[in-house]
Amino acid sequence: MNAWTLILLLLAVMAAAYNLGRKRAISGAGGIAQIKTLHSLPVYYGLYAALWAGIPALLLLGLWSGFQDQIITALVSSSLPPDIVNGLSEGRIGLLINDIKNLATGNIVSSTVTPEIQAAADQFARLEWIASGAKWLVVLAVAIAGLALALSQTAPKMRARNRVETIVKGIMILFSSIAILTTLGILLSVVFESLRFFHSIPPLDFFLGINWSPQIALRADQVGASGEFGAIPLFTGTLMVSVIAMLVAVPIGLMAAIYLSEYASRKVRAFAKPVIEVLAGIPTVVYGFFAALTVAPFVRELGESVGLHVASESALAAGLVMGVMIIPFVSSLSDDVINAVPQSMRDGSFALGATQSETIRRVIVPAALPGIVGGILLAVSRAIGETMIVVMAAGMSANLTANPLDSVTTVTVQIVTLLTGDQEFDSAKTLAAFALGLTLFMVTLVLNVIALTIVRKYREQYD
Amino acid sequence: MTNPSTPSDSVTPRRAADIVNASLKRRYAKERRFRLIGAAAVGLGLTFVLLLFGDIISKGYTAFQQTYIQLPVTLSEDLIDPEGTRDPMTLARADYMTPIRQSLRQFFPEVKDRRTRRQLNSIISVGAPQLLGEEVVADPALVGTTHEYWILVDDDIDMLVKGYIDRNAPESDRRVNDQVIGWIDRLEQEGRVAKRFNTIFFTHGTSREPELAGIAGALMGSFYTLILALTLSFPIGVGAALYLEEFAPKNRWTDLIEVNINNLAAVPSIVFGLLGLAVFIGFFGVPRSTPLVAALVLTLMTLPIIIISSRAALKSVPPSIREAALGVGASPLQTQFHHVLPLAMPGMLTGTILGMAHALGETAPLLMIGMIAFIVDVPGGFTDPATVLPVQIFLWADSPERGFVERTSAAIMVLLAFLFLMNLAAVLLRRRFERRW
């Protein structure tokens with residue numbers, strides 16, 4: 001709660017700064033009657049003071065909170081006696097540091113407490129205490145210094161409004177750059193970890209191998225100690241579930257869009273369109289529950305009644321439910337593009353004597369095709385990246401199979417299983433998840449870029 | 001598609017109208033078929049909605065009631081508070097299981113040997129003593145008296161009373177054996193078994209025991225996460241939209257930002273989880289499984305949605321408003337903040353609410369950042385370990401006990417109710433404030 005109190009305090013300082021700045025501007029002008037001698041409205045002088053008091057301090061607070069832990073950890077680990085650290089792997093040192101932290105905060109410690117570790121923990125606690133004390137002091141000092149600076153500049157001639165507007169504009173530019181930073185963050189985090197992964201597992205083995213069993217070894221001499229990281233079964237599994245999903249979603253979604261935009265009466269459309277779009281708003285975990293507890297047993301019983309063996313976690317069940325989830329994507333995107341086809345094209349077709357279905361199939365769908373394909377590609381990317389349904393309803397075992405009744409696993413399922421168990425952060429098992437994440441990100445990125453380009457081109461065509 | 005140039009036609013050329021007339025019947029049939037397929041697709045879509053909701057509700061509505069048995073429990077002073085201090089700590093820690101078991105045994109005097117006695121005891125939930133203890137702490141006068149109490153039963157008994165256990169199945173396949181069923185039936189005949197409103201479900205954190213598991217912890221976790229995500233993403237989203245729509249020069253940089261935003265809106269959510277794990281937890285050391293880190297990840301995830309909808313809202317404000325404001329001498333920023341933004345606000349809020357609804361239902365990225373931990377306590381702040389409602393649903397769905405199926409469904413119903421309310425708010429906001437220019 002420490003940081004929150006500090007933030008509240010900073011907000012209080014900003015409020016005070018606003019008042020001070022305003023009052024100082026008014027009194028500098030010679031009272032409320034002389035207010036017209038000010039360059040800007042008094043509000044802007046207040047805002048100027050508040051911004052100067054708040055922003056540098058908040059920035060500092062953010063940076064400090066972000067890096068405090070790292071710096072203290074680095075300090076503590078560099079001051080560890082060399083005879084403890086020598087001969088330990090990187091992971092072991094990490095564990096040791098973790099123990100020291102736990103000891104310092106009074107949590108349970110996994111190893112026995114030696115005097116050296118106790119000393120390091122004491123040092124850690126002391127540094128932590130100094131750091132948080134210093135944080136308060138420095139942040140508040142910066143806030144008050146900012147306030148003083150702003151107040152010292154406040155004079156009737158100061159162009160307060162222009163300065164405030166420049167700052168606000170700067171903040172807005174910063175906010176809009178967050179999108180870039182996010183993409184950069186995603187890329188950096190997955191690329192770096194993937195590079196480390198490919199350092200130990202050659203990329204060819206990963207992308208072309210057909211065995212996936214990412215067990216980590218408990219002992220060095222264990223059978224299959226290294227684990228196998230051939231991702232082909234995951235790719236085929238993802239592909240199969242996505243294809244099943246698209247086989248459900250594309251016909252139903254497309255036909256529903258055509259019916260609703262071309263045939264349905266206004267009343268039916270006003271009812272059916274939002275109801276179908278409800279499907280898009282349902283959280284995927286709900287679909288997962290539905291797939292695992294209702295659809296999978298149903299598919300299994302159905303298969304068994306005609307004498308087929310169906311795995312209890314079949315690709316079919318997961319794919320069917322995923323298809324239902326994607327229906328509204330296909331239908332609303334198709335609906336948009338079908339509605340964008342100019343009425344004159346329909347009229348022309350009818351004038352030549354075509355029936356409504358002929359008009360739709362020969363004129364409207366071909367005209368809307370680029371947009372529809374773009375929408376379908378977006379839906380495919382959605383299917384590939386979908387996680388919860390497959391985690392809950394598809395299996396964990398990496399089977400290389402073409403039988404939809406078998407259990408398959410997908411890229412997203414493996415990312416979740418690799419990262420939610422107990423793990424060392426550096427093991428190949430954990431890093432494999434980032435390599436899979438990189439693959440997933442790149443594939444969906446390419447699909448999205450193609451789809452968005454097609455959709456945009458198409459929109460320009462009729463605008 | 002009759003071909004007019006076949007030999008027979010070339011002798012006596014047919015009129016085009018004849019060809020058309022001949023094919024009309026087939027074409028109309030095709031038309032009807034096509035129309036039927038379309039209607040069937042719409043019908044299928046509607047059926048899926050119905051099926052999904054029907055399934056969840058039919059599985060989950062029973063979880064809002066919980067089975068209790070009424071027992072006269074004697075809380076003797078020697079056992080509960082031997083020193084007579086009525087100190088809340090002593091009262092809370094006292095042994096309440098023994099008096100409950102004694103009371104239950106009075107109804108079945110024939111139970112003598114250890115094994116049957118243990119079975120009889122297993123009717124009572126392991127959480128029952130604690131609940132009784134809470135009652136006594138609230139009213140210490142109960143010590144030393146005998147009262148009729150409603151005692152929580154084990155989840156297996158709860159399932160039996162609710163009819164989820166097939167009494168005709170062979171005894172070895174059942175979680176409850178014939179003897180226990182006999183006891184419960186006897187208690188039922190005496191009117192001592194009742195289903196009462198399940199307050200535990202709404203006031204407790206999660207538990208390994210279905211009858212003690214509640215969604216309070218997950219709800220509070222979701223609440224803290226959403227509040228923080230909202231305070232971060234709304235100003236950032238609106239600021240970014242305002243800059244990109246109104247101020248940004250058309251150059252490479254803004255193009256890049258725009259492409260980025262559109263792409264981020266379609267990036268799989270699990271990738272944001274990887275980002276959160278590597279950057280927020282791994283690099284900046286934000287504590288794992290807290291609403292804070294969840295909110296950061298969800299903010300990045302919902303920002304594109306909010307920016308895109310806010311830009312649409314800004315676009316719908318007519319340029320004449322801007323021109324009028326600039327004309328009377330407002331600065332560009334004043335024009336935006338005093339005139340354009342208030343007019344675009346309903347649209348922006350609608351987009352934000354929808355983005356938050358999206359964030360409320362999101363599960364996958366939160367699994368990566370440790371929200372999957374088993375946390376019993378109800379979180380009290382942004383940096384307490386917590387879980388959120390969808391992740392709770394995921395965890396319960398994985399639990400093998402039959403009792404968790406109905407609780408999972410009930411939790412889903414609560415989640416859907418919140419989503420419904422948020423969407424309703426968005427629709428009402430749009431209806432009430434949206435202006436057509």
# chains A, B, ... in the order shown; residues from 1 in each chain; ligands from 1
$ select_by_dssp --residues "stretch 67-266 of chain A" --states "alpha helix (DSSP H)" --output "PyMOL selection string"
chain A and resi 67-78+82-85+90-105+115-153+160-200+203-208+232-258+266
$ interface_residues --of "chain A" --to "chain B" --cutoff "6 Å" --atoms "only C-alpha atoms" --output "count of residues only"
15
$ closest_atom_pairs --of "stretch 359-391 of chain A" --to "stretch 307-321 of chain A" --cutoff "12 Å" --atoms "only C-alpha atoms" --output "CSV"
residue,atom,partner,partner_atom,distance
A:Ala383,CA,A:Gly319,CA,9.0
A:Ile384,CA,A:Gly319,CA,10.8
A:Glu386,CA,A:Ala318,CA,10.7
A:Thr387,CA,A:Ala318,CA,10.6
A:Met388,CA,A:Ala318,CA,9.9
A:Ile389,CA,A:Ala318,CA,6.3
A:Val390,CA,A:Ala318,CA,5.9
A:Val391,CA,A:Ala318,CA,9.1
$ closest_residue --among "B:Pro379, B:Pro319, B:Pro88, B:Gly182" --to "B:Ala218" --atoms "only C-alpha atoms"
B:Pro379
$ atom_distance --atom1 "atom CA of A:Ala148" --atom2 "atom CA of A:Ile173"
26.6 Å
$ residues_around --residues "B:Leu132" --least-positions-apart "5" --cutoff "10 Å" --atoms "only C-alpha atoms" --output "PyMOL selection string"
chain B and resi 73+92+96-97+100+127+137-138+149-152
$ residues_around --residues "B:Ser309" --least-positions-apart "4" --cutoff "9 Å" --atoms "only C-alpha atoms" --output "list in words"
Ala241, Pro304, Ile305, Ala313, Leu314, Gly347, Met348, Thr350, Gly351 and Thr352 of chain B
$ residues_around --residues "stretch 127-129 of chain A" --least-positions-apart "5" --cutoff "9 Å" --atoms "only C-alpha atoms" --output "list of chain:residue names"
A:Gln68, A:Asp69, A:Ile72, A:Leu75, A:Val76, A:Asp122, A:Ala134
$ residues_around --residues "A:Leu452" --least-positions-apart "5" --cutoff "9 Å" --atoms "only C-alpha atoms" --output "list in words"
Gly374, Gly375, Leu378, Leu447 and Lys457 of chain A; Asn262 and Asn263 of chain B
$ write_last_selection --atoms "N, CA and C atoms" --output "PDB file, in the first residue's frame"
ATOM      1  N   GLY A 374     -11.311 -11.218 -46.577  1.00  0.00           N
ATOM      2  CA  GLY A 374     -10.605 -10.541 -45.495  1.00  0.00           C
ATOM      3  C   GLY A 374     -11.199 -10.898 -44.144  1.00  0.00           C
ATOM      4  N   GLY A 375     -12.524 -10.890 -44.076  1.00  0.00           N
ATOM      5  CA  GLY A 375     -13.194 -11.239 -42.827  1.00  0.00           C
ATOM      6  C   GLY A 375     -12.889 -12.662 -42.410  1.00  0.00           C
ATOM      7  N   LEU A 378      -9.444 -12.905 -40.980  1.00  0.00           N
ATOM      8  CA  LEU A 378      -9.429 -12.427 -39.593  1.00  0.00           C
ATOM      9  C   LEU A 378      -9.970 -13.502 -38.667  1.00  0.00           C
ATOM     10  N   LEU A 447      -1.485 -12.953 -41.178  1.00  0.00           N
ATOM     11  CA  LEU A 447      -2.896 -13.087 -41.551  1.00  0.00           C
ATOM     12  C   LEU A 447      -3.631 -11.756 -41.369  1.00  0.00           C
ATOM     13  N   LYS A 457      -8.640  -2.005 -48.887  1.00  0.00           N
ATOM     14  CA  LYS A 457      -8.676  -1.803 -50.341  1.00  0.00           C
ATOM     15  C   LYS A 457     -10.102  -1.875 -50.837  1.00  0.00           C
TER      16      LYS A 457
ATOM     17  N   ASN B 262      -4.372  -1.229 -35.286  1.00  0.00           N
ATOM     18  CA  ASN B 262      -5.270  -2.183 -35.931  1.00  0.00           C
ATOM     19  C   ASN B 262      -4.787  -3.609 -35.753  1.00  0.00           C
ATOM     20  N   ASN B 263      -3.480  -3.806 -35.822  1.00  0.00           N
ATOM     21  CA  ASN B 263      -2.952  -5.155 -35.647  1.00  0.00           C
ATOM     22  C   ASN B 263      -3.098  -5.629 -34.220  1.00  0.00           C
TER      23      ASN B 263
END
$ residues_around --residues "B:Ala194" --least-positions-apart "4" --cutoff "9 Å" --atoms "only C-alpha atoms" --output "JSON list (two decimals) with C-alpha atoms, in the first residue's frame"
[["chain", "number", "residue", "atom", "x", "y", "z"],
["B", 66, "GLN", "CA", -27.50, -25.30, -0.66],
["B", 67, "THR", "CA", -28.64, -28.24, 1.44],
["B", 68, "TYR", "CA", -28.61, -27.89, 5.21],
["B", 69, "ILE", "CA", -29.83, -30.19, 7.97],
["B", 70, "GLN", "CA", -31.45, -28.87, 11.07],
["B", 150, "TRP", "CA", -28.99, -25.30, 10.25],
["B", 161, "VAL", "CA", -30.64, -34.16, -2.13],
["B", 188, "GLU", "CA", -35.92, -35.73, 5.24]]
$ select_by_dssp --residues "stretch 116-217 of chain B" --states "strand (DSSP E)" --output "list in words"
Thr146, His147, Glu148, Tyr149, Trp150, Ile151, Leu152, Val193, Ala194, Lys195, Arg196 and Phe197 of chain B
$ closest_residue --among "A:Leu400, A:Ile32, A:Ser261, A:Val295" --to "A:Gly209" --atoms "only C-alpha atoms"
A:Leu400
$ closest_residue --among "A:Ala428, A:Gln356, A:Phe329, A:Ala131" --to "A:Gln70" --atoms "only C-alpha atoms"
A:Ala131
$ decode --residues "stretch 171-190 of chain A" --atoms "N, CA and C atoms" --output "PDB file, in the first residue's frame"
ATOM      1  N   ILE A 171       1.885  14.787 -23.876  1.00  0.00           N
ATOM      2  CA  ILE A 171       1.330  13.601 -23.197  1.00  0.00           C
ATOM      3  C   ILE A 171       0.509  12.775 -24.174  1.00  0.00           C
ATOM      4  N   MET A 172      -0.260  13.467 -25.020  1.00  0.00           N
ATOM      5  CA  MET A 172      -1.102  12.724 -25.964  1.00  0.00           C
ATOM      6  C   MET A 172      -0.241  11.955 -26.966  1.00  0.00           C
ATOM      7  N   ILE A 173       0.865  12.567 -27.393  1.00  0.00           N
ATOM      8  CA  ILE A 173       1.755  11.861 -28.315  1.00  0.00           C
ATOM      9  C   ILE A 173       2.318  10.618 -27.629  1.00  0.00           C
ATOM     10  N   LEU A 174       2.682  10.786 -26.353  1.00  0.00           N
ATOM     11  CA  LEU A 174       3.207   9.661 -25.585  1.00  0.00           C
ATOM     12  C   LEU A 174       2.164   8.542 -25.518  1.00  0.00           C
ATOM     13  N   PHE A 175       0.903   8.915 -25.233  1.00  0.00           N
ATOM     14  CA  PHE A 175      -0.157   7.915 -25.125  1.00  0.00           C
ATOM     15  C   PHE A 175      -0.321   7.160 -26.441  1.00  0.00           C
ATOM     16  N   SER A 176      -0.266   7.906 -27.567  1.00  0.00           N
ATOM     17  CA  SER A 176      -0.499   7.196 -28.823  1.00  0.00           C
ATOM     18  C   SER A 176       0.699   6.342 -29.209  1.00  0.00           C
ATOM     19  N   SER A 177       1.856   6.641 -28.614  1.00  0.00           N
ATOM     20  CA  SER A 177       3.012   5.792 -28.912  1.00  0.00           C
ATOM     21  C   SER A 177       2.966   4.482 -28.135  1.00  0.00           C
ATOM     22  N   ILE A 178       2.060   4.393 -27.155  1.00  0.00           N
ATOM     23  CA  ILE A 178       2.003   3.162 -26.357  1.00  0.00           C
ATOM     24  C   ILE A 178       1.707   1.954 -27.243  1.00  0.00           C
ATOM     25  N   ALA A 179       0.909   2.188 -28.296  1.00  0.00           N
ATOM     26  CA  ALA A 179       0.622   1.074 -29.209  1.00  0.00           C
ATOM     27  C   ALA A 179       1.919   0.523 -29.796  1.00  0.00           C
ATOM     28  N   ILE A 180       2.793   1.449 -30.213  1.00  0.00           N
ATOM     29  CA  ILE A 180       4.076   1.013 -30.772  1.00  0.00           C
ATOM     30  C   ILE A 180       4.896   0.296 -29.709  1.00  0.00           C
ATOM     31  N   LEU A 181       4.907   0.896 -28.496  1.00  0.00           N
ATOM     32  CA  LEU A 181       5.685   0.289 -27.423  1.00  0.00           C
ATOM     33  C   LEU A 181       5.182  -1.117 -27.119  1.00  0.00           C
ATOM     34  N   THR A 182       3.859  -1.298 -27.167  1.00  0.00           N
ATOM     35  CA  THR A 182       3.301  -2.622 -26.896  1.00  0.00           C
ATOM     36  C   THR A 182       3.800  -3.632 -27.910  1.00  0.00           C
ATOM     37  N   THR A 183       3.697  -3.249 -29.192  1.00  0.00           N
ATOM     38  CA  THR A 183       4.171  -4.160 -30.221  1.00  0.00           C
ATOM     39  C   THR A 183       5.648  -4.471 -30.033  1.00  0.00           C
ATOM     40  N   LEU A 184       6.395  -3.403 -29.729  1.00  0.00           N
ATOM     41  CA  LEU A 184       7.827  -3.586 -29.522  1.00  0.00           C
ATOM     42  C   LEU A 184       8.067  -4.516 -28.336  1.00  0.00           C
ATOM     43  N   GLY A 185       7.303  -4.301 -27.265  1.00  0.00           N
ATOM     44  CA  GLY A 185       7.443  -5.133 -26.075  1.00  0.00           C
ATOM     45  C   GLY A 185       7.156  -6.582 -26.374  1.00  0.00           C
ATOM     46  N   ILE A 186       6.074  -6.814 -27.134  1.00  0.00           N
ATOM     47  CA  ILE A 186       5.730  -8.187 -27.495  1.00  0.00           C
ATOM     48  C   ILE A 186       6.881  -8.806 -28.284  1.00  0.00           C
ATOM     49  N   LEU A 187       7.341  -8.058 -29.291  1.00  0.00           N
ATOM     50  CA  LEU A 187       8.398  -8.596 -30.151  1.00  0.00           C
ATOM     51  C   LEU A 187       9.654  -8.897 -29.347  1.00  0.00           C
ATOM     52  N   LEU A 188      10.082  -7.883 -28.547  1.00  0.00           N
ATOM     53  CA  LEU A 188      11.326  -8.076 -27.803  1.00  0.00           C
ATOM     54  C   LEU A 188      11.210  -9.259 -26.859  1.00  0.00           C
ATOM     55  N   SER A 189      10.065  -9.337 -26.119  1.00  0.00           N
ATOM     56  CA  SER A 189       9.986 -10.399 -25.119  1.00  0.00           C
ATOM     57  C   SER A 189       9.989 -11.767 -25.792  1.00  0.00           C
ATOM     58  N   VAL A 190       9.211 -11.932 -26.868  1.00  0.00           N
ATOM     59  CA  VAL A 190       9.198 -13.275 -27.458  1.00  0.00           C
ATOM     60  C   VAL A 190      10.471 -13.556 -28.256  1.00  0.00           C
TER      61      VAL A 190
END
